[in-house]
Every structure is written in structure tokens, then in C-alpha cells.
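File shown: model_28.cif. Contents: mmCIF, C-alpha atoms and all ligand atoms.
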```cif
data_run
loop_
_atom_site.label_atom_id
_atom_site.label_comp_id
_atom_site.auth_asym_id
_atom_site.auth_seq_id
_atom_site.Cartn_x
_atom_site.Cartn_y
_atom_site.Cartn_z
CA MET G 1 1.31 14.94 -52.19
CA ARG G 2 -0.43 11.60 -51.60
CA HIS G 3 0.67 9.19 -48.88
CA LYS G 4 0.25 5.42 -48.71
CA ILE G 5 -0.19 3.37 -45.55
CA TYR G 6 -0.06 -0.43 -45.56
CA ILE G 7 -2.16 -2.37 -43.08
CA VAL G 8 -0.31 -5.66 -42.74
CA GLY G 9 -1.47 -8.97 -41.27
CA ILE G 10 1.66 -10.66 -39.91
CA GLY G 11 0.14 -14.10 -39.27
CA PRO G 12 0.19 -15.89 -35.93
CA GLY G 13 3.78 -15.25 -34.82
CA THR G 14 6.95 -16.43 -36.49
CA GLU G 15 8.32 -14.98 -39.70
CA GLU G 16 7.85 -18.24 -41.65
CA MET G 17 4.13 -17.77 -41.19
CA MET G 18 4.15 -14.26 -42.62
CA THR G 19 3.45 -13.95 -46.35
CA ALA G 20 6.36 -12.97 -48.61
CA GLN G 21 4.32 -9.89 -49.56
CA ALA G 22 4.03 -8.83 -45.89
CA VAL G 23 7.80 -9.24 -45.37
CA GLN G 24 8.50 -7.20 -48.51
CA ILE G 25 6.24 -4.36 -47.36
CA LEU G 26 7.79 -4.30 -43.87
CA GLU G 27 11.27 -4.27 -45.41
CA LYS G 28 10.48 -1.20 -47.50
CA SER G 29 8.72 0.67 -44.64
CA ASP G 30 10.38 3.45 -42.62
CA VAL G 31 7.99 3.13 -39.68
CA ILE G 32 6.28 0.01 -38.32
CA ILE G 33 3.47 0.63 -35.84
CA GLY G 34 1.66 -1.97 -33.73
CA TYR G 35 0.53 -3.30 -30.40
CA THR G 36 3.51 -3.78 -28.05
CA VAL G 37 3.46 -7.61 -28.13
CA TYR G 38 3.57 -7.79 -31.95
CA ILE G 39 6.28 -5.16 -32.26
CA GLU G 40 8.34 -7.25 -29.82
CA LEU G 41 7.91 -10.25 -32.14
CA LEU G 42 9.51 -8.23 -34.96
CA ASP G 43 12.04 -5.99 -33.25
CA LYS G 44 15.17 -8.06 -34.01
CA ARG G 45 14.31 -8.75 -37.64
CA PHE G 46 13.36 -5.12 -38.40
CA ALA G 47 15.71 -3.42 -35.94
CA GLY G 48 16.74 -0.66 -38.38
CA LYS G 49 13.19 0.69 -38.59
CA GLU G 50 11.37 3.21 -36.47
CA LEU G 51 9.24 0.82 -34.39
CA LEU G 52 6.37 2.48 -32.53
CA THR G 53 3.97 0.88 -30.11
CA THR G 54 0.79 1.82 -28.31
CA PRO G 55 -0.70 -0.39 -25.58
CA MET G 56 -3.80 -2.56 -25.93
CA ARG G 57 -7.08 -0.60 -26.03
CA GLN G 58 -5.34 2.44 -27.59
CA GLU G 59 -6.35 1.39 -31.06
CA LYS G 60 -7.64 4.80 -32.18
CA GLU G 61 -4.39 6.47 -31.06
CA ARG G 62 -2.40 3.77 -32.89
CA CYS G 63 -4.31 4.42 -36.12
CA ARG G 64 -3.96 8.20 -35.84
CA LEU G 65 -0.21 7.81 -35.28
CA CYS G 66 -0.03 6.02 -38.66
CA PHE G 67 -1.65 8.94 -40.47
CA GLU G 68 0.50 11.52 -38.65
CA LYS G 69 3.72 9.63 -39.52
CA ALA G 70 2.60 9.23 -43.13
CA LYS G 71 2.01 12.99 -43.36
CA GLU G 72 5.65 13.51 -42.33
CA GLY G 73 6.47 11.77 -45.64
CA LYS G 74 7.40 8.39 -44.13
CA GLN G 75 6.43 5.00 -45.51
CA VAL G 76 4.23 3.53 -42.76
CA ALA G 77 3.09 -0.05 -42.07
CA LEU G 78 0.52 -0.79 -39.37
CA ILE G 79 0.82 -4.40 -38.23
CA CYS G 80 -1.91 -6.63 -36.81
CA SER G 81 -1.64 -10.28 -35.77
CA GLY G 82 -3.18 -12.83 -38.11
CA ASP G 83 -5.21 -10.96 -40.73
CA ALA G 84 -5.75 -7.22 -40.24
CA GLY G 85 -9.30 -7.54 -41.58
CA ILE G 86 -10.37 -10.19 -39.03
CA TYR G 87 -10.78 -8.59 -35.59
CA GLY G 88 -7.94 -6.30 -36.65
CA LEU G 89 -7.59 -2.58 -37.36
CA ALA G 90 -8.29 -2.53 -41.11
CA SER G 91 -11.85 -1.15 -40.77
CA LEU G 92 -10.92 1.43 -38.10
CA MET G 93 -8.16 2.69 -40.44
CA TYR G 94 -10.73 3.24 -43.20
CA GLU G 95 -13.10 4.94 -40.73
CA ILE G 96 -10.42 7.31 -39.39
CA GLY G 97 -8.97 7.61 -42.90
CA ALA G 98 -12.00 9.70 -43.89
CA GLU G 99 -10.33 12.52 -41.93
CA TYR G 100 -7.10 12.16 -43.95
CA PRO G 101 -8.14 12.43 -47.63
CA ASP G 102 -4.51 12.66 -48.83
CA CYS G 103 -3.67 9.17 -47.45
CA ASP G 104 -4.35 5.96 -49.41
CA LEU G 105 -4.68 2.63 -47.63
CA GLU G 106 -3.83 -0.89 -48.73
CA VAL G 107 -4.57 -4.05 -46.72
CA ILE G 108 -2.08 -6.93 -46.97
CA SER G 109 -3.74 -10.20 -45.96
CA GLY G 110 -2.24 -12.54 -43.37
CA ILE G 111 -2.93 -16.03 -42.06
CA THR G 112 -5.72 -15.73 -39.51
CA ALA G 113 -5.85 -17.86 -36.34
CA ALA G 114 -8.83 -19.85 -37.67
CA SER G 115 -6.65 -21.04 -40.53
CA SER G 116 -3.30 -21.51 -38.74
CA GLY G 117 -5.03 -23.11 -35.72
CA ALA G 118 -7.09 -25.43 -37.94
CA ALA G 119 -3.88 -26.71 -39.52
CA CYS G 120 -2.52 -27.61 -36.05
CA LEU G 121 -5.67 -29.59 -35.24
CA GLY G 122 -5.92 -31.41 -38.59
CA ALA G 123 -8.98 -30.39 -40.61
CA PRO G 124 -11.65 -29.06 -38.23
CA ILE G 125 -13.30 -26.45 -40.50
CA ASN G 126 -13.24 -28.21 -43.86
CA HIS G 127 -16.91 -27.35 -44.43
CA ASP G 128 -19.13 -24.33 -43.73
CA PHE G 129 -18.03 -22.50 -40.61
CA CYS G 130 -18.70 -19.40 -38.52
CA VAL G 131 -16.18 -17.24 -36.71
CA ILE G 132 -17.39 -15.61 -33.50
CA SER G 133 -15.45 -13.48 -31.03
CA LEU G 134 -16.41 -13.80 -27.36
CA SER G 135 -15.06 -10.34 -26.57
CA ASP G 136 -17.82 -8.00 -25.45
CA ALA G 137 -15.51 -4.96 -25.38
CA LEU G 138 -17.12 -3.60 -28.57
CA THR G 139 -20.07 -5.99 -29.06
CA PRO G 140 -22.96 -6.39 -26.58
CA TRP G 141 -23.04 -9.87 -24.98
CA GLU G 142 -26.68 -10.36 -26.15
CA VAL G 143 -25.50 -10.11 -29.77
CA ILE G 144 -22.77 -12.67 -29.12
CA GLU G 145 -25.32 -15.04 -27.54
CA LYS G 146 -27.63 -14.68 -30.53
CA ARG G 147 -24.81 -15.47 -32.95
CA LEU G 148 -23.74 -18.52 -30.92
CA ARG G 149 -27.33 -19.85 -30.97
CA SER G 150 -27.69 -19.16 -34.70
CA ALA G 151 -24.41 -20.89 -35.54
CA ALA G 152 -25.41 -23.91 -33.46
CA MET G 153 -28.83 -24.07 -35.14
CA GLY G 154 -27.22 -23.91 -38.59
CA ASP G 155 -24.88 -26.82 -37.72
CA PHE G 156 -21.87 -24.73 -38.65
CA CYS G 157 -18.41 -25.61 -37.40
CA ILE G 158 -17.62 -22.71 -35.06
CA VAL G 159 -14.31 -20.96 -34.44
CA LEU G 160 -14.18 -18.86 -31.27
CA TYR G 161 -11.70 -15.99 -31.04
CA ASN G 162 -11.04 -14.16 -27.75
CA PRO G 163 -12.36 -17.10 -25.69
CA ALA G 164 -11.22 -15.61 -22.37
CA SER G 165 -9.26 -12.82 -20.75
CA HIS G 166 -8.30 -11.82 -17.20
CA LYS G 167 -11.46 -9.74 -16.95
CA ARG G 168 -13.73 -12.45 -18.32
CA PRO G 169 -12.27 -15.87 -17.40
CA ASP G 170 -15.69 -17.58 -17.53
CA TYR G 171 -16.86 -16.53 -21.02
CA ILE G 172 -15.95 -19.84 -22.64
CA LYS G 173 -18.06 -21.61 -20.01
CA LYS G 174 -20.99 -19.25 -20.69
CA ALA G 175 -20.61 -19.78 -24.44
CA CYS G 176 -20.53 -23.58 -24.04
CA GLU G 177 -23.69 -23.46 -21.92
CA ILE G 178 -25.48 -21.61 -24.73
CA LEU G 179 -24.20 -24.04 -27.38
CA LEU G 180 -25.25 -27.01 -25.22
CA GLU G 181 -28.88 -25.83 -25.49
CA THR G 182 -28.72 -27.03 -29.11
CA ILE G 183 -25.61 -29.20 -29.49
CA GLU G 184 -25.10 -32.61 -27.85
CA SER G 185 -22.54 -32.78 -25.04
CA GLU G 186 -20.37 -35.32 -26.94
CA ARG G 187 -19.73 -32.92 -29.88
CA ALA G 188 -16.07 -33.08 -31.01
CA CYS G 189 -14.13 -29.88 -30.16
CA GLY G 190 -10.56 -28.69 -29.83
CA TYR G 191 -8.43 -25.69 -29.13
CA VAL G 192 -4.94 -24.43 -29.92
CA GLU G 193 -2.77 -22.27 -27.68
CA ASN G 194 0.13 -20.11 -28.93
CA ILE G 195 -0.21 -20.93 -32.62
CA GLY G 196 3.03 -20.26 -34.50
CA ARG G 197 4.83 -19.29 -31.29
CA GLU G 198 6.80 -21.02 -28.58
CA GLY G 199 4.63 -23.46 -26.61
CA THR G 200 2.09 -24.33 -29.32
CA LYS G 201 -0.33 -26.82 -27.77
CA THR G 202 -3.38 -28.56 -29.21
CA THR G 203 -6.14 -30.15 -27.14
CA THR G 204 -9.15 -32.17 -28.30
CA CYS G 205 -12.22 -32.75 -26.13
CA THR G 206 -16.00 -32.92 -26.10
CA LEU G 207 -18.17 -29.83 -25.80
CA ALA G 208 -19.13 -30.82 -22.23
CA GLU G 209 -15.42 -31.09 -21.34
CA LEU G 210 -14.61 -27.79 -23.05
CA LYS G 211 -17.06 -26.05 -20.72
CA GLU G 212 -14.82 -27.00 -17.76
CA HIS G 213 -11.48 -25.96 -19.31
CA GLN G 214 -9.70 -22.76 -18.24
CA LEU G 215 -8.52 -20.97 -21.38
CA ASN G 216 -6.41 -17.88 -21.92
CA MET G 217 -6.52 -15.16 -24.57
CA PHE G 218 -3.79 -16.75 -26.72
CA THR G 219 -6.14 -19.59 -27.61
CA THR G 220 -8.44 -20.28 -30.56
CA VAL G 221 -11.31 -22.72 -30.06
CA PHE G 222 -12.90 -25.05 -32.62
CA ILE G 223 -16.33 -26.65 -32.25
CA GLY G 224 -17.12 -29.32 -34.82
CA ASN G 225 -20.37 -29.83 -36.71
CA LYS G 226 -22.58 -32.96 -36.45
CA THR G 227 -20.17 -34.99 -38.59
CA SER G 228 -16.88 -33.95 -36.95
CA TYR G 229 -14.81 -36.54 -35.11
CA ILE G 230 -11.57 -36.89 -33.16
CA GLU G 231 -8.98 -39.45 -34.23
CA ASN G 232 -5.37 -39.75 -33.05
CA GLY G 233 -5.55 -36.35 -31.42
CA LYS G 234 -6.83 -34.64 -34.59
CA LEU G 235 -10.21 -32.94 -35.08
CA ILE G 236 -11.67 -33.72 -38.50
CA THR G 237 -14.72 -32.36 -40.32
CA GLY G 238 -15.41 -34.21 -43.56
CA ARG G 239 -16.75 -32.69 -46.75
CA GLY G 240 -19.05 -35.60 -47.52
CA TYR G 241 -16.86 -37.73 -49.83
CA HIS G 242 -17.89 -41.41 -49.87
CA LEU G 243 -14.96 -43.79 -49.55
N1 LIG U 301 -6.43 -10.54 -36.31
C1 LIG U 301 -6.23 -11.76 -35.57
C2 LIG U 301 -7.25 -11.95 -34.46
C3 LIG U 301 -7.17 -10.94 -33.34
S1 LIG U 301 -8.35 -11.23 -32.06
C4 LIG U 301 -6.23 -12.95 -36.54
O1 LIG U 301 -6.64 -12.79 -37.70
O2 LIG U 301 -5.81 -14.04 -36.14
C5 LIG U 301 -7.32 -12.06 -30.88
C6 LIG U 301 -7.70 -13.53 -30.79
O3 LIG U 301 -7.21 -14.21 -31.95
C7 LIG U 301 -7.07 -14.26 -29.61
O4 LIG U 301 -7.82 -14.10 -28.42
C8 LIG U 301 -7.11 -15.69 -30.10
O5 LIG U 301 -8.41 -16.24 -29.99
C9 LIG U 301 -6.81 -15.52 -31.58
N2 LIG U 301 -5.35 -15.64 -31.86
C10 LIG U 301 -4.60 -14.71 -32.50
N3 LIG U 301 -3.31 -15.12 -32.58
C11 LIG U 301 -3.25 -16.34 -31.97
C12 LIG U 301 -2.19 -17.28 -31.74
N4 LIG U 301 -0.93 -17.04 -32.14
N5 LIG U 301 -2.50 -18.42 -31.07
C13 LIG U 301 -3.76 -18.68 -30.66
N6 LIG U 301 -4.79 -17.83 -30.86
C14 LIG U 301 -4.55 -16.67 -31.51
#
```
Translate the structure described by the file into C-alpha cells.
Amino acid sequence: MRHKIYIVGIGPGTEEMMTAQAVQILEKSDVIIGYTVYIELLDKRFAGKELLTTPMRQEKERCRLCFEKAKEGKQVALICSGDAGIYGLASLMYEIGAEYPDCDLEVISGITAASSGAACLGAPINHDFCVISLSDALTPWEVIEKRLRSAAMGDFCIVLYNPASHKRPDYIKKACEILLETIESERACGYVENIGREGTKTTTCTLAELKEHQLNMFTTVFIGNKTSYIENGKLITGRGYHL
């Protein structure tokens, strides 16, 4: 007997920001598995389901739990915030899935923080952009530095995920210092906290100012390209239309 597991991106927070396809899949699932915080976001809406959580940093255990539950004959959905294929568990599920040849996987896309956060700020990534995570939990810091320098040299707009955590409160400052080797200090930037959740807050600033800001892990950061500008609290990157 073959089993099917859905890997579902639930968007940034509230149900309105989940795709109709994601809601449909969750509705037809017997078991919904995820990181504690995201399961808490869903527990009222999907109260009739078996909701299982594993803490942060237990990603491998969380994935294995999906395969074990599927083998019991249950319809399983693994949820990730935003999009499951962008700093989510989609790839780890395929990697571990090699050990479970009777399970098929399907990824259901969700709105990633780069997209939902950009909408809050106006139009900050409306041209070529790079997405870089500042988390060095799985990526050596030297690689992150190299990618920051390369993005700056290419004049990409840059979206930074995981800009800070309790263990690494100064990473955004370190990242800004690297970007300031190439980018002028007046470069238009912004960030959004708690996208699609209570307490959504947008801030615009220069790159030099960003270096001094204390950020938390529920924040996505946007660094404009050479043409980006701030107007009425919005961060805009043009596409080159002549008016
Ligand atoms: N799979 C997720 C990203 C997970 S990495 C996605 O596609 O959005 C976690 C990082 O994503 C956070 O540190 C933050 O930078 C960003 N992020 C995710 N959800 C967010 C939200 N609701 N508000 C602000 N930033 C968010």
C-alpha cells in the first residue's frame, strides 16, 4: 500500500494568508505535524485533528514522525511557516523519504516572508533579488559572508531571513558591516516584524541605521538596490519604466 504525505506551507500566520489549496489539504488530513508555534496558530481551526508537535531543532524527528504516522494508514500533513521549500522542511522530507520507499510526497506552496513582507513595505523587491539567511546553524558563517558580498556586488535587492536570535543578537550588525564594504551608507532599507500576525510593524531606514537596530527572529529585512527609495514610509524598487 502506498502512502501520501503533504508538505504544506501555511504562509506567514493568519488563515486568510494561507492558500485555499493548503486549507483544503489540512481539512482532509487526519494528522497535522509541525513546530509548536505553528501548531498553536492552527489548533482552534483544526481542533478535530490529531495535532502533533516537536520543538525547534528537532526537525529530523518531526519528519520521521510524519512517515511513521503515514505508515499507520493516516493522511498526514507536515506544516511549515511561509513556503515549505524556502528554509523549510521540504528538502529534508525528500532526503529522509529515501528510507521510506512506500511513501509519496507532495509539496503545497505557501506565501513566503519575502513576498508577504514585501507587500507590507510597498514594492521593495520588484526587480532582481537575492534571499539570504543569516542563520549559521546549518551553514558556515564564511559562506554567508561570501553570499552577502556577492549579492552586494551584483546590486541585487537583498532579503534577509533569520536576521537575529537570542544566541546571535549581533548578526544583523555583522551582515550590515559586510554590506557596507560595497554599498553606500544611505542605501534605502526596511524590515517587517510579525507579518500576518498580531503586532505587524514596518520600519524603513538607511543601511547605516539598520546596522544599529536590534532585531528579533520574527523579522524579515529588505535592502534595496541602487535605485530603491523610501517615500511615505514605503520602500520602492522600480523596474525601470520611464514616466
Ligand atoms: N519557510 C519560511 C521561512 C522560515 S525561516 C518562509 O517561507 O517564510 C524563519 C525566518 O523567516 C524568520 O527568522 C524571519 O526572518 C522569516 N519569517 C517567517 N515568518 C515571518 C513572519 N510572520 N514575520 C516576519 N518574518 C517571518
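Using only C-alpha atoms, the smallest distance between any of G:Leu207, G:Lys28, G:Ile96, G:Val131 and Glu61 of chain G comes from G:Ile96.
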List as a ChimeraX atom specification the protein and nucleic acid residues near segment 50-56 of chain G, meaning an atom at most 8 Å away when all atoms listed in the file are counted, but skip any in the same chain fewer than 3 places from it.
/G:30-36,39,43,47,59,61-62
Dump C-alpha atoms for the selected residues as a PDB file, in the frame of the given file?
```
ATOM      1  CA  ASP G  30      10.380   3.450 -42.620  1.00  0.00           C
ATOM      2  CA  VAL G  31       7.990   3.130 -39.680  1.00  0.00           C
ATOM      3  CA  ILE G  32       6.280   0.010 -38.320  1.00  0.00           C
ATOM      4  CA  ILE G  33       3.470   0.630 -35.840  1.00  0.00           C
ATOM      5  CA  GLY G  34       1.660  -1.970 -33.730  1.00  0.00           C
ATOM      6  CA  TYR G  35       0.530  -3.300 -30.400  1.00  0.00           C
ATOM      7  CA  THR G  36       3.510  -3.780 -28.050  1.00  0.00           C
ATOM      8  CA  ILE G  39       6.280  -5.160 -32.260  1.00  0.00           C
ATOM      9  CA  ASP G  43      12.040  -5.990 -33.250  1.00  0.00           C
ATOM     10  CA  ALA G  47      15.710  -3.420 -35.940  1.00  0.00           C
ATOM     11  CA  GLU G  59      -6.350   1.390 -31.060  1.00  0.00           C
ATOM     12  CA  GLU G  61      -4.390   6.470 -31.060  1.00  0.00           C
ATOM     13  CA  ARG G  62      -2.400   3.770 -32.890  1.00  0.00           C
TER      14      ARG G  62
END
```
Length of the atom CA of Lys60 of chain G to atom O1 of ligand LIG 301 (chain U) vector [Å]:
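Straight-line distance from atom CA of Lys60 of chain G to atom O1 of ligand LIG 301 (chain U) works out to 18.5 Å.
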What is the atom CA of Leu105 of chain G to atom CA of Ala70 of chain G distance in Å?
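Interatomic distance here is 10.8 Å.
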Let me have all residues with an atom within 7 Å of ligand LIG 301 (chain U), counting all atoms listed in the file, laid out as number ranges by chain.
G: 11-13, 80-88, 111-114, 117, 160-163, 192-197, 217-220
Atom CA of Tyr38 of chain G sits from atom CA of Glu95 of chain G at a separation of 22.7 Å
Selected residue of minimal separation from Pro124 of chain G among G:Cys157, G:Ala151, G:Ile183, G:Leu92, counting only C-alpha atoms:
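For Pro124 of chain G, the nearest of the given residues is G:Cys157.
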With a distance cut-off of 12 Å and all atoms listed in the file, select the neighbouring residues of Ala20 of chain G, excluding the residue or stretch itself and same-chain residues fewer than 2 positions from it, and output the selection as a list in words.
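That gives Val8, Gly9, Ile10, Gly11, Glu15, Glu16, Met17, Met18, Ala22, Val23, Gln24, Ile25, Leu26, Glu27, Ile108, Ser109, Gly110 and Ile111 of chain G.
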Report as lines of an AutoDock Vina configuration file the centre and the edge lengths, in Å to one decimal, of the axis-aligned box holding every listed atom of segment 42-45 of chain G, padded by 4 Å on each side.
```
center_x = 12.3
center_y = -7.4
center_z = -35.4
size_x = 13.7
size_y = 10.8
size_z = 12.4
```
For Ala77 of chain G, the nearest of the candidates G:Ala123, G:Val37, G:Leu134, G:Tyr6, counting all atoms listed in the file:
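Closest to Ala77 of chain G of all the choices is G:Tyr6.
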List the neighbours of Thr182 of chain G out to 12 Å using all atoms listed in the file; skip same-chain residues closer than 5 positions along the sequence, and give me the result as a list in words.
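Everything that qualifies: Leu148, Arg149, Ser150, Ala151, Ala152, Met153, Gly154, Asp155, Phe156, Ala175, Cys176, Glu177, Arg187, Leu207, Asn225 and Lys226 of chain G.
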Counting all atoms listed in the file, find residues at most 7 Å from (-13.0, -26.7, -32.9) (file frame) and give them as a tab-separated table (two decimals) with C-alpha atoms, in the frame of the given file.
```tsv
chain	number	residue	atom	x	y	z
G	124	PRO	CA	-11.65	-29.06	-38.23
G	158	ILE	CA	-17.62	-22.71	-35.06
G	159	VAL	CA	-14.31	-20.96	-34.44
G	189	CYS	CA	-14.13	-29.88	-30.16
G	190	GLY	CA	-10.56	-28.69	-29.83
G	191	TYR	CA	-8.43	-25.69	-29.13
G	221	VAL	CA	-11.31	-22.72	-30.06
G	222	PHE	CA	-12.90	-25.05	-32.62
G	223	ILE	CA	-16.33	-26.65	-32.25
G	224	GLY	CA	-17.12	-29.32	-34.82
```
Just the residues within 6 Å of segment 229-243 of chain G, please, counting all atoms listed in the file, with nothing from its chain fewer than 3 positions along; format it as an MDAnalysis selection string.
chainID G and resid 121:124 126:127 188
